[in-house]
file data18.txt (compact mmCIF, C-alpha atoms and all ligand atoms)
# COMPACT_ATOMS: atom_id res chain seq x y z
CA MET A 1 -33.51 -66.27 -144.35
CA LEU A 2 -34.36 -68.79 -147.08
CA MET A 3 -36.77 -71.45 -145.93
CA ASN A 4 -35.65 -75.02 -146.58
CA ILE A 5 -38.36 -76.82 -148.54
CA PRO A 6 -37.78 -80.58 -148.20
CA VAL A 7 -37.82 -82.64 -151.39
CA LEU A 8 -38.21 -86.41 -151.71
CA THR A 9 -37.41 -87.81 -155.16
CA ILE A 10 -38.62 -91.18 -156.43
CA ASP A 11 -37.04 -92.28 -159.71
CA GLY A 12 -37.22 -95.56 -161.57
CA PRO A 13 -38.48 -97.34 -164.68
CA SER A 14 -42.14 -97.47 -165.73
CA GLY A 15 -44.42 -99.79 -163.82
CA ALA A 16 -42.27 -99.94 -160.67
CA GLY A 17 -45.12 -98.37 -158.69
CA LYS A 18 -43.63 -94.85 -158.47
CA GLY A 19 -46.90 -93.07 -159.23
CA THR A 20 -48.99 -94.89 -156.64
CA VAL A 21 -46.28 -94.75 -153.98
CA SER A 22 -45.47 -91.07 -154.60
CA ARG A 23 -49.09 -89.96 -154.51
CA ILE A 24 -49.78 -91.77 -151.21
CA VAL A 25 -46.50 -90.65 -149.62
CA ALA A 26 -47.19 -87.02 -150.65
CA LYS A 27 -50.67 -87.23 -149.14
CA LYS A 28 -49.39 -88.76 -145.89
CA LEU A 29 -46.71 -86.08 -145.55
CA GLY A 30 -49.08 -83.30 -146.67
CA TRP A 31 -46.56 -82.28 -149.36
CA ASN A 32 -47.01 -81.25 -153.00
CA TYR A 33 -46.66 -83.86 -155.70
CA LEU A 34 -44.91 -83.65 -159.07
CA ASP A 35 -45.66 -86.36 -161.64
CA SER A 36 -42.92 -85.27 -164.07
CA GLY A 37 -43.88 -87.98 -166.57
CA SER A 38 -47.20 -86.17 -167.06
CA ILE A 39 -45.30 -83.12 -168.37
CA TYR A 40 -43.50 -85.22 -171.00
CA ARG A 41 -46.77 -87.02 -171.74
CA SER A 42 -48.60 -83.69 -172.19
CA LEU A 43 -45.95 -82.58 -174.66
CA ALA A 44 -46.49 -85.88 -176.51
CA ILE A 45 -50.24 -85.16 -176.73
CA ALA A 46 -49.59 -81.63 -178.01
CA LEU A 47 -47.27 -83.06 -180.69
CA LEU A 48 -49.78 -85.73 -181.69
CA GLN A 49 -52.57 -83.13 -181.88
CA LYS A 50 -50.44 -80.96 -184.15
CA ASN A 51 -49.26 -83.92 -186.22
CA VAL A 52 -45.64 -82.92 -185.72
CA ASP A 53 -43.07 -85.20 -187.34
CA LEU A 54 -41.12 -86.43 -184.28
CA SER A 55 -37.86 -86.51 -186.19
CA ASN A 56 -38.20 -82.74 -186.66
CA GLU A 57 -36.49 -81.57 -183.48
CA ILE A 58 -36.92 -77.86 -184.25
CA GLU A 59 -40.73 -78.16 -184.55
CA THR A 60 -40.81 -80.41 -181.46
CA LEU A 61 -38.84 -77.84 -179.49
CA LYS A 62 -41.19 -75.04 -180.60
CA VAL A 63 -44.17 -76.98 -179.23
CA ALA A 64 -42.28 -77.60 -175.95
CA GLN A 65 -41.47 -73.88 -175.63
CA THR A 66 -45.11 -72.85 -175.96
CA LEU A 67 -46.63 -75.71 -173.96
CA ASP A 68 -49.57 -74.24 -172.04
CA LEU A 69 -50.17 -76.61 -169.12
CA ALA A 70 -52.27 -76.32 -165.99
CA PHE A 71 -52.42 -78.83 -163.15
CA GLU A 72 -55.54 -78.89 -161.02
CA CYS A 73 -56.38 -81.04 -158.04
CA ASP A 74 -59.87 -82.45 -157.81
CA ASP A 75 -60.44 -86.06 -156.69
CA GLY A 76 -57.20 -86.80 -158.50
CA LEU A 77 -54.84 -84.80 -160.68
CA ILE A 78 -56.39 -83.03 -163.69
CA VAL A 79 -54.07 -81.87 -166.47
CA LYS A 80 -55.17 -79.22 -168.94
CA LEU A 81 -53.43 -78.47 -172.22
CA ASN A 82 -54.49 -75.10 -173.70
CA GLY A 83 -57.43 -75.21 -171.29
CA GLN A 84 -58.58 -78.64 -172.51
CA ASP A 85 -58.73 -81.56 -170.04
CA ILE A 86 -56.30 -84.22 -171.36
CA THR A 87 -56.11 -86.34 -168.19
CA SER A 88 -57.66 -89.46 -169.73
CA GLN A 89 -55.31 -89.37 -172.73
CA LEU A 90 -52.19 -89.20 -170.56
CA VAL A 91 -52.09 -92.87 -169.58
CA THR A 92 -52.07 -94.55 -172.97
CA GLU A 93 -49.01 -96.47 -174.17
CA ALA A 94 -48.95 -94.42 -177.39
CA THR A 95 -48.57 -91.24 -175.31
CA GLY A 96 -45.85 -92.85 -173.15
CA ASN A 97 -43.91 -93.98 -176.20
CA VAL A 98 -43.97 -90.58 -177.88
CA ALA A 99 -43.05 -88.99 -174.53
CA SER A 100 -39.99 -91.19 -174.24
CA ILE A 101 -38.90 -90.41 -177.82
CA VAL A 102 -39.03 -86.63 -177.36
CA ALA A 103 -37.67 -86.83 -173.79
CA ALA A 104 -34.35 -87.87 -175.32
CA ILE A 105 -33.91 -84.42 -176.95
CA PRO A 106 -31.62 -82.36 -174.63
CA GLU A 107 -33.15 -78.97 -175.58
CA VAL A 108 -36.64 -80.28 -174.84
CA ARG A 109 -35.52 -81.40 -171.38
CA GLN A 110 -33.94 -78.00 -170.77
CA VAL A 111 -37.17 -76.18 -171.71
CA LEU A 112 -39.25 -78.36 -169.38
CA LEU A 113 -36.84 -78.06 -166.46
CA GLN A 114 -38.26 -74.88 -164.91
CA LYS A 115 -41.85 -76.18 -165.13
CA GLN A 116 -40.73 -79.04 -162.88
CA LYS A 117 -38.69 -76.91 -160.46
CA ASP A 118 -41.74 -74.65 -159.97
CA PHE A 119 -43.48 -77.49 -158.11
CA LYS A 120 -41.08 -77.03 -155.18
CA LYS A 121 -43.28 -75.12 -152.78
CA PRO A 122 -43.87 -75.27 -149.01
CA PRO A 123 -44.38 -77.42 -147.06
CA GLY A 124 -42.46 -79.94 -149.23
CA LEU A 125 -42.41 -81.88 -152.47
CA VAL A 126 -42.53 -85.51 -153.57
CA ALA A 127 -41.22 -85.68 -157.16
CA ASP A 128 -41.61 -88.77 -159.31
CA GLY A 129 -39.78 -89.43 -162.59
CA ARG A 130 -36.52 -90.59 -164.14
CA ASP A 131 -34.06 -87.78 -163.31
CA MET A 132 -35.62 -86.13 -160.25
CA GLY A 133 -32.74 -87.00 -157.91
CA THR A 134 -29.98 -86.68 -160.50
CA VAL A 135 -30.85 -83.57 -162.56
CA VAL A 136 -33.98 -81.67 -161.50
CA PHE A 137 -33.50 -81.80 -157.70
CA PRO A 138 -29.91 -83.03 -157.20
CA ASP A 139 -29.87 -81.49 -153.70
CA ALA A 140 -33.05 -83.31 -152.61
CA ASP A 141 -33.07 -84.26 -148.94
CA PHE A 142 -34.36 -87.78 -149.56
CA LYS A 143 -33.93 -89.93 -152.67
CA VAL A 144 -35.35 -93.30 -153.69
CA TYR A 145 -34.70 -95.47 -156.74
CA LEU A 146 -37.69 -97.76 -157.11
CA THR A 147 -37.63 -100.67 -159.52
CA ALA A 148 -39.10 -104.15 -160.10
CA SER A 149 -38.51 -107.01 -162.53
CA ALA A 150 -39.59 -106.35 -166.14
CA THR A 151 -42.23 -109.12 -165.96
CA LYS A 152 -43.74 -107.72 -162.77
CA ARG A 153 -43.79 -104.18 -164.19
CA ALA A 154 -45.51 -105.34 -167.39
CA GLU A 155 -48.11 -107.23 -165.32
CA ARG A 156 -48.85 -104.14 -163.22
CA ARG A 157 -49.06 -101.86 -166.22
CA TYR A 158 -51.41 -104.34 -167.94
CA LYS A 159 -53.68 -104.44 -164.89
CA GLN A 160 -53.64 -100.64 -164.55
CA LEU A 161 -54.64 -100.11 -168.21
CA MET A 162 -57.34 -102.82 -168.13
CA GLU A 163 -58.81 -101.22 -164.98
CA LYS A 164 -59.01 -97.93 -166.89
CA GLY A 165 -60.94 -99.75 -169.63
CA ILE A 166 -58.03 -99.68 -172.09
CA ASP A 167 -57.82 -103.06 -173.84
CA VAL A 168 -54.19 -104.09 -174.29
CA ASN A 169 -52.10 -107.16 -175.02
CA ILE A 170 -49.63 -108.21 -172.29
CA LEU A 171 -46.92 -109.29 -174.75
CA GLN A 172 -47.13 -105.96 -176.53
CA ILE A 173 -47.01 -104.12 -173.19
CA THR A 174 -43.90 -106.10 -172.18
CA SER A 175 -42.05 -105.29 -175.38
CA GLU A 176 -43.10 -101.60 -175.25
CA ILE A 177 -41.96 -101.31 -171.63
CA GLU A 178 -38.61 -102.87 -172.51
CA ALA A 179 -38.13 -100.54 -175.50
CA ARG A 180 -39.07 -97.48 -173.42
CA ASP A 181 -36.74 -98.45 -170.55
CA CYS A 182 -33.92 -99.01 -172.98
CA ARG A 183 -34.46 -95.56 -174.53
CA ASP A 184 -34.70 -93.91 -171.08
CA LYS A 185 -31.54 -95.61 -169.79
CA GLU A 186 -29.42 -95.14 -172.88
CA ARG A 187 -30.14 -91.55 -173.84
CA LEU A 188 -27.18 -89.23 -173.39
CA THR A 189 -29.01 -86.46 -171.50
CA ALA A 190 -30.45 -87.22 -168.06
CA PRO A 191 -30.62 -90.99 -168.53
CA LEU A 192 -32.53 -93.12 -166.04
CA VAL A 193 -29.87 -94.00 -163.48
CA GLN A 194 -29.82 -94.47 -159.72
CA ALA A 195 -28.50 -91.39 -157.90
CA VAL A 196 -25.49 -92.36 -155.79
CA ASP A 197 -27.26 -91.17 -152.65
CA ALA A 198 -30.62 -92.85 -153.41
CA LEU A 199 -32.12 -95.71 -151.42
CA PHE A 200 -32.60 -98.71 -153.76
CA ILE A 201 -35.94 -100.52 -153.44
CA ASP A 202 -36.91 -103.54 -155.55
CA SER A 203 -40.69 -103.76 -155.27
CA SER A 204 -41.07 -107.06 -157.22
CA ALA A 205 -42.04 -109.09 -154.16
CA MET A 206 -43.30 -106.23 -151.97
CA THR A 207 -46.77 -104.92 -151.28
CA ILE A 208 -47.44 -101.23 -151.98
CA ASP A 209 -47.86 -100.69 -148.21
CA ALA A 210 -44.42 -102.15 -147.52
CA VAL A 211 -42.84 -99.89 -150.16
CA ILE A 212 -44.64 -96.84 -148.73
CA ALA A 213 -43.46 -97.70 -145.20
CA GLN A 214 -39.86 -97.99 -146.40
CA VAL A 215 -40.02 -94.68 -148.28
CA LEU A 216 -41.62 -92.91 -145.30
CA SER A 217 -38.94 -94.26 -142.97
CA LEU A 218 -36.48 -91.96 -144.75
CA VAL A 219 -38.34 -88.82 -143.67
CA PRO A 220 -37.97 -87.92 -140.00
CA GLN A 221 -41.33 -87.45 -138.29
CA ARG A 222 -42.02 -83.85 -137.52
O1 LIG B 301 -43.30 -91.83 -165.90
P1 LIG B 301 -44.03 -91.89 -167.21
O2 LIG B 301 -44.22 -93.28 -167.73
O3 LIG B 301 -45.30 -91.12 -167.18
O4 LIG B 301 -43.08 -91.12 -168.23
C1 LIG B 301 -43.29 -91.14 -169.62
C2 LIG B 301 -41.95 -90.93 -170.33
O5 LIG B 301 -41.52 -89.59 -170.05
C3 LIG B 301 -40.82 -91.83 -169.81
O6 LIG B 301 -40.72 -93.05 -170.52
C4 LIG B 301 -39.59 -90.97 -170.03
O7 LIG B 301 -39.05 -91.13 -171.31
C5 LIG B 301 -40.10 -89.56 -169.92
N1 LIG B 301 -39.73 -88.97 -168.64
C6 LIG B 301 -38.46 -88.46 -168.54
N2 LIG B 301 -38.07 -87.84 -167.38
C7 LIG B 301 -38.90 -87.76 -166.35
C8 LIG B 301 -40.20 -88.31 -166.42
C9 LIG B 301 -40.58 -88.93 -167.60
O8 LIG B 301 -37.66 -88.54 -169.47
N3 LIG B 301 -38.50 -87.13 -165.25

call {"tool": "encode", "arguments": {"input": "data18.txt", "output": "structure tokens", "more": "lines below"}}
Ligand code: C5P
result
Amino acid sequence: MLMNIPVLTIDGPSGAGKGTVSRIVAKKLGWNYLDSGSIYRSLAIALLQKNVDLSNEIETLKVAQTLDLAFECDDGLIVKLNGQDITSQLVTEATGNVASIVAAIPEVRQVLLQKQKDFKKPPGLVADGRDMGTVVFPDADFKVYLTASATKRAERRYKQLMEKGIDVNILQITSEIEARDCRDKERLTAPLVQAVDALFIDSSAMTIDAVIAQVLSLVPQR
């Protein structure tokens, strides 16, 4: 008999708090965690390293097809590209912007699909991204769409980057977030959209703890 592996998906725009909430919820449930954005970000780093012209979709696809990624858990998540630790490069806005440009290419999404599905392992999975509940795990048992106002998301992203020692300008962050959201929502393949069966949470005026409690309330205690 096939064992049912429960999946909880958390989708939404950047800066809504998905990463923090998903990581803590996964830890509390004792489930695996998929940060799908890190896969698109790793591809972006590989493309930047190889100086690939992003308008060349064939070259971009080739890099996606041969992407050699390893995820390791230490204190936090460590991502290795061709054996090299790229974790600290993943968070930059430049990486996020390139990720969102190449994430709009349907063939690239198709190639990266299985890498994401492979994270579904016992005892369960919390998957964070843009299309987790709509495309990658449409049959997920629990789905959340987590968002916040654009101003609040830019503020959070600014704080997060400054804490990591990355000096950024809040106005630039706001306009980059808006451009990225627009690209993610308007692309034809797997756009950022709320799954019909997802719980909508607007975290603008909520604490992280309140969001976590609401997400956890979806999952029956076992
Ligand atoms: O979530 P994060 O900001 O790390 O994602 C970076 C970019 O990767 C997003 O702006 C989006 O374009 C892309 N992405 C995606 N589908 C996902 C996760 C991320 O298209 N499931």

call {"tool": "residues_near_ligand", "arguments": {"input": "data18.txt", "ligand": "ligand LIG 301 (chain B)", "cutoff": "7 Å", "atoms": "all atoms listed in the file", "output": "VMD selection string"}}
result
chain A and resid 14 36 to 38 40 to 41 96 to 97 99 to 101 103 to 104 128 to 132 180 to 181 184

call {"tool": "residues_around", "arguments": {"input": "data18.txt", "residues": "Val21 in chain A", "least_positions_apart": "6", "cutoff": "12 Å", "atoms": "only C-alpha atoms", "output": "count of residues only"}}
result
29

call {"tool": "residues_around", "arguments": {"input": "data18.txt", "residues": "range 49-64 of chain A", "least_positions_apart": "2", "cutoff": "8 Å", "atoms": "all atoms listed in the file", "output": "NGL selection string"}}
result
:A and (43 or 45-47 or 66-67 or 101-102 or 105 or 107-108 or 111-112)

call {"tool": "closest_residue", "arguments": {"input": "data18.txt", "among": "A:Pro6, A:Lys152, A:Cys73, A:Phe137", "to": "Thr174 in chain A", "atoms": "only C-alpha atoms"}}
result
A:Lys152

call {"tool": "residues_around", "arguments": {"input": "data18.txt", "residues": "range 82-85 of chain A", "least_positions_apart": "3", "cutoff": "8 Å", "atoms": "all atoms listed in the file", "output": "VMD selection string"}}
result
chain A and resid 67 to 70 78 to 79 88

call {"tool": "atom_distance", "arguments": {"input": "data18.txt", "atom1": "CA of Asn169 in chain A", "atom2": "CA of Thr95 in chain A"}}
result
16.3 Å

call {"tool": "atom_distance", "arguments": {"input": "data18.txt", "atom1": "CA of Ser149 in chain A", "atom2": "CA of Ala198 in chain A"}}
result
18.6 Å

call {"tool": "atom_distance", "arguments": {"input": "data18.txt", "atom1": "CA of Asp167 in chain A", "atom2": "CA of Val91 in chain A"}}
result
12.4 Å

call {"tool": "closest_residue", "arguments": {"input": "data18.txt", "among": "A:Ile173, A:Leu34, A:Glu72, A:Gln194", "to": "Gly19 in chain A", "atoms": "only C-alpha atoms"}}
result
A:Leu34

call {"tool": "closest_residue", "arguments": {"input": "data18.txt", "among": "A:Lys120, A:Ala140, A:Gly133, A:Asn32", "to": "Leu77 in chain A", "atoms": "all atoms listed in the file"}}
result
A:Asn32

call {"tool": "build_atoms", "arguments": {"input": "data18.txt", "residues": "range 37-67 of chain A", "atoms": "N, CA and C atoms", "output": "PDB file, in the coordinates of the input"}}
result
ATOM      1  N   GLY A  37     -43.537 -87.266-165.338  1.00  0.00           N
ATOM      2  CA  GLY A  37     -43.880 -87.980-166.570  1.00  0.00           C
ATOM      3  C   GLY A  37     -45.074 -87.341-167.253  1.00  0.00           C
ATOM      4  N   SER A  38     -45.998 -86.757-166.451  1.00  0.00           N
ATOM      5  CA  SER A  38     -47.200 -86.170-167.060  1.00  0.00           C
ATOM      6  C   SER A  38     -46.833 -84.934-167.897  1.00  0.00           C
ATOM      7  N   ILE A  39     -45.725 -84.274-167.568  1.00  0.00           N
ATOM      8  CA  ILE A  39     -45.300 -83.120-168.370  1.00  0.00           C
ATOM      9  C   ILE A  39     -44.798 -83.599-169.738  1.00  0.00           C
ATOM     10  N   TYR A  40     -43.975 -84.672-169.729  1.00  0.00           N
ATOM     11  CA  TYR A  40     -43.500 -85.220-171.000  1.00  0.00           C
ATOM     12  C   TYR A  40     -44.667 -85.835-171.793  1.00  0.00           C
ATOM     13  N   ARG A  41     -45.601 -86.435-171.074  1.00  0.00           N
ATOM     14  CA  ARG A  41     -46.770 -87.020-171.740  1.00  0.00           C
ATOM     15  C   ARG A  41     -47.649 -85.922-172.356  1.00  0.00           C
ATOM     16  N   SER A  42     -47.792 -84.790-171.654  1.00  0.00           N
ATOM     17  CA  SER A  42     -48.600 -83.690-172.190  1.00  0.00           C
ATOM     18  C   SER A  42     -47.975 -83.137-173.458  1.00  0.00           C
ATOM     19  N   LEU A  43     -46.630 -83.042-173.452  1.00  0.00           N
ATOM     20  CA  LEU A  43     -45.950 -82.580-174.660  1.00  0.00           C
ATOM     21  C   LEU A  43     -46.237 -83.573-175.803  1.00  0.00           C
ATOM     22  N   ALA A  44     -46.214 -84.868-175.490  1.00  0.00           N
ATOM     23  CA  ALA A  44     -46.490 -85.880-176.510  1.00  0.00           C
ATOM     24  C   ALA A  44     -47.886 -85.672-177.106  1.00  0.00           C
ATOM     25  N   ILE A  45     -48.864 -85.373-176.243  1.00  0.00           N
ATOM     26  CA  ILE A  45     -50.240 -85.160-176.730  1.00  0.00           C
ATOM     27  C   ILE A  45     -50.293 -83.916-177.631  1.00  0.00           C
ATOM     28  N   ALA A  46     -49.611 -82.855-177.194  1.00  0.00           N
ATOM     29  CA  ALA A  46     -49.590 -81.630-178.010  1.00  0.00           C
ATOM     30  C   ALA A  46     -48.984 -81.918-179.380  1.00  0.00           C
ATOM     31  N   LEU A  47     -47.926 -82.735-179.411  1.00  0.00           N
ATOM     32  CA  LEU A  47     -47.270 -83.060-180.690  1.00  0.00           C
ATOM     33  C   LEU A  47     -48.176 -83.917-181.567  1.00  0.00           C
ATOM     34  N   LEU A  48     -48.871 -84.865-180.931  1.00  0.00           N
ATOM     35  CA  LEU A  48     -49.780 -85.730-181.690  1.00  0.00           C
ATOM     36  C   LEU A  48     -50.945 -84.905-182.255  1.00  0.00           C
ATOM     37  N   GLN A  49     -51.451 -83.980-181.419  1.00  0.00           N
ATOM     38  CA  GLN A  49     -52.570 -83.130-181.880  1.00  0.00           C
ATOM     39  C   GLN A  49     -52.162 -82.279-183.079  1.00  0.00           C
ATOM     40  N   LYS A  50     -50.902 -81.827-183.064  1.00  0.00           N
ATOM     41  CA  LYS A  50     -50.440 -80.960-184.150  1.00  0.00           C
ATOM     42  C   LYS A  50     -49.816 -81.735-185.288  1.00  0.00           C
ATOM     43  N   ASN A  51     -49.831 -83.069-185.166  1.00  0.00           N
ATOM     44  CA  ASN A  51     -49.260 -83.920-186.220  1.00  0.00           C
ATOM     45  C   ASN A  51     -47.804 -83.594-186.532  1.00  0.00           C
ATOM     46  N   VAL A  52     -47.044 -83.282-185.495  1.00  0.00           N
ATOM     47  CA  VAL A  52     -45.640 -82.920-185.720  1.00  0.00           C
ATOM     48  C   VAL A  52     -44.831 -84.183-186.016  1.00  0.00           C
ATOM     49  N   ASP A  53     -43.970 -84.092-187.008  1.00  0.00           N
ATOM     50  CA  ASP A  53     -43.070 -85.200-187.340  1.00  0.00           C
ATOM     51  C   ASP A  53     -42.014 -85.246-186.219  1.00  0.00           C
ATOM     52  N   LEU A  54     -41.966 -86.373-185.488  1.00  0.00           N
ATOM     53  CA  LEU A  54     -41.120 -86.430-184.280  1.00  0.00           C
ATOM     54  C   LEU A  54     -39.628 -86.362-184.598  1.00  0.00           C
ATOM     55  N   SER A  55     -39.291 -86.608-185.860  1.00  0.00           N
ATOM     56  CA  SER A  55     -37.860 -86.510-186.190  1.00  0.00           C
ATOM     57  C   SER A  55     -37.465 -85.049-186.434  1.00  0.00           C
ATOM     58  N   ASN A  56     -38.479 -84.169-186.469  1.00  0.00           N
ATOM     59  CA  ASN A  56     -38.200 -82.740-186.660  1.00  0.00           C
ATOM     60  C   ASN A  56     -38.011 -82.084-185.280  1.00  0.00           C
ATOM     61  N   GLU A  57     -36.764 -82.031-184.843  1.00  0.00           N
ATOM     62  CA  GLU A  57     -36.490 -81.570-183.480  1.00  0.00           C
ATOM     63  C   GLU A  57     -36.786 -80.081-183.298  1.00  0.00           C
ATOM     64  N   ILE A  58     -36.659 -79.305-184.372  1.00  0.00           N
ATOM     65  CA  ILE A  58     -36.920 -77.860-184.250  1.00  0.00           C
ATOM     66  C   ILE A  58     -38.408 -77.612-183.982  1.00  0.00           C
ATOM     67  N   GLU A  59     -39.273 -78.310-184.744  1.00  0.00           N
ATOM     68  CA  GLU A  59     -40.730 -78.160-184.550  1.00  0.00           C
ATOM     69  C   GLU A  59     -41.117 -78.679-183.158  1.00  0.00           C
ATOM     70  N   THR A  60     -40.513 -79.809-182.771  1.00  0.00           N
ATOM     71  CA  THR A  60     -40.810 -80.410-181.460  1.00  0.00           C
ATOM     72  C   THR A  60     -40.446 -79.427-180.350  1.00  0.00           C
ATOM     73  N   LEU A  61     -39.299 -78.793-180.494  1.00  0.00           N
ATOM     74  CA  LEU A  61     -38.840 -77.840-179.490  1.00  0.00           C
ATOM     75  C   LEU A  61     -39.783 -76.636-179.406  1.00  0.00           C
ATOM     76  N   LYS A  62     -40.269 -76.188-180.572  1.00  0.00           N
ATOM     77  CA  LYS A  62     -41.190 -75.040-180.600  1.00  0.00           C
ATOM     78  C   LYS A  62     -42.443 -75.363-179.778  1.00  0.00           C
ATOM     79  N   VAL A  63     -42.955 -76.582-179.965  1.00  0.00           N
ATOM     80  CA  VAL A  63     -44.170 -76.980-179.230  1.00  0.00           C
ATOM     81  C   VAL A  63     -43.847 -77.030-177.725  1.00  0.00           C
ATOM     82  N   ALA A  64     -42.664 -77.532-177.369  1.00  0.00           N
ATOM     83  CA  ALA A  64     -42.280 -77.600-175.950  1.00  0.00           C
ATOM     84  C   ALA A  64     -42.191 -76.185-175.351  1.00  0.00           C
ATOM     85  N   GLN A  65     -41.659 -75.249-176.140  1.00  0.00           N
ATOM     86  CA  GLN A  65     -41.470 -73.880-175.630  1.00  0.00           C
ATOM     87  C   GLN A  65     -42.796 -73.166-175.378  1.00  0.00           C
ATOM     88  N   THR A  66     -43.829 -73.559-176.109  1.00  0.00           N
ATOM     89  CA  THR A  66     -45.110 -72.850-175.960  1.00  0.00           C
ATOM     90  C   THR A  66     -46.164 -73.729-175.270  1.00  0.00           C
ATOM     91  N   LEU A  67     -45.699 -74.767-174.609  1.00  0.00           N
ATOM     92  CA  LEU A  67     -46.630 -75.710-173.960  1.00  0.00           C
ATOM     93  C   LEU A  67     -47.407 -75.001-172.850  1.00  0.00           C
TER      94      LEU A  67
END
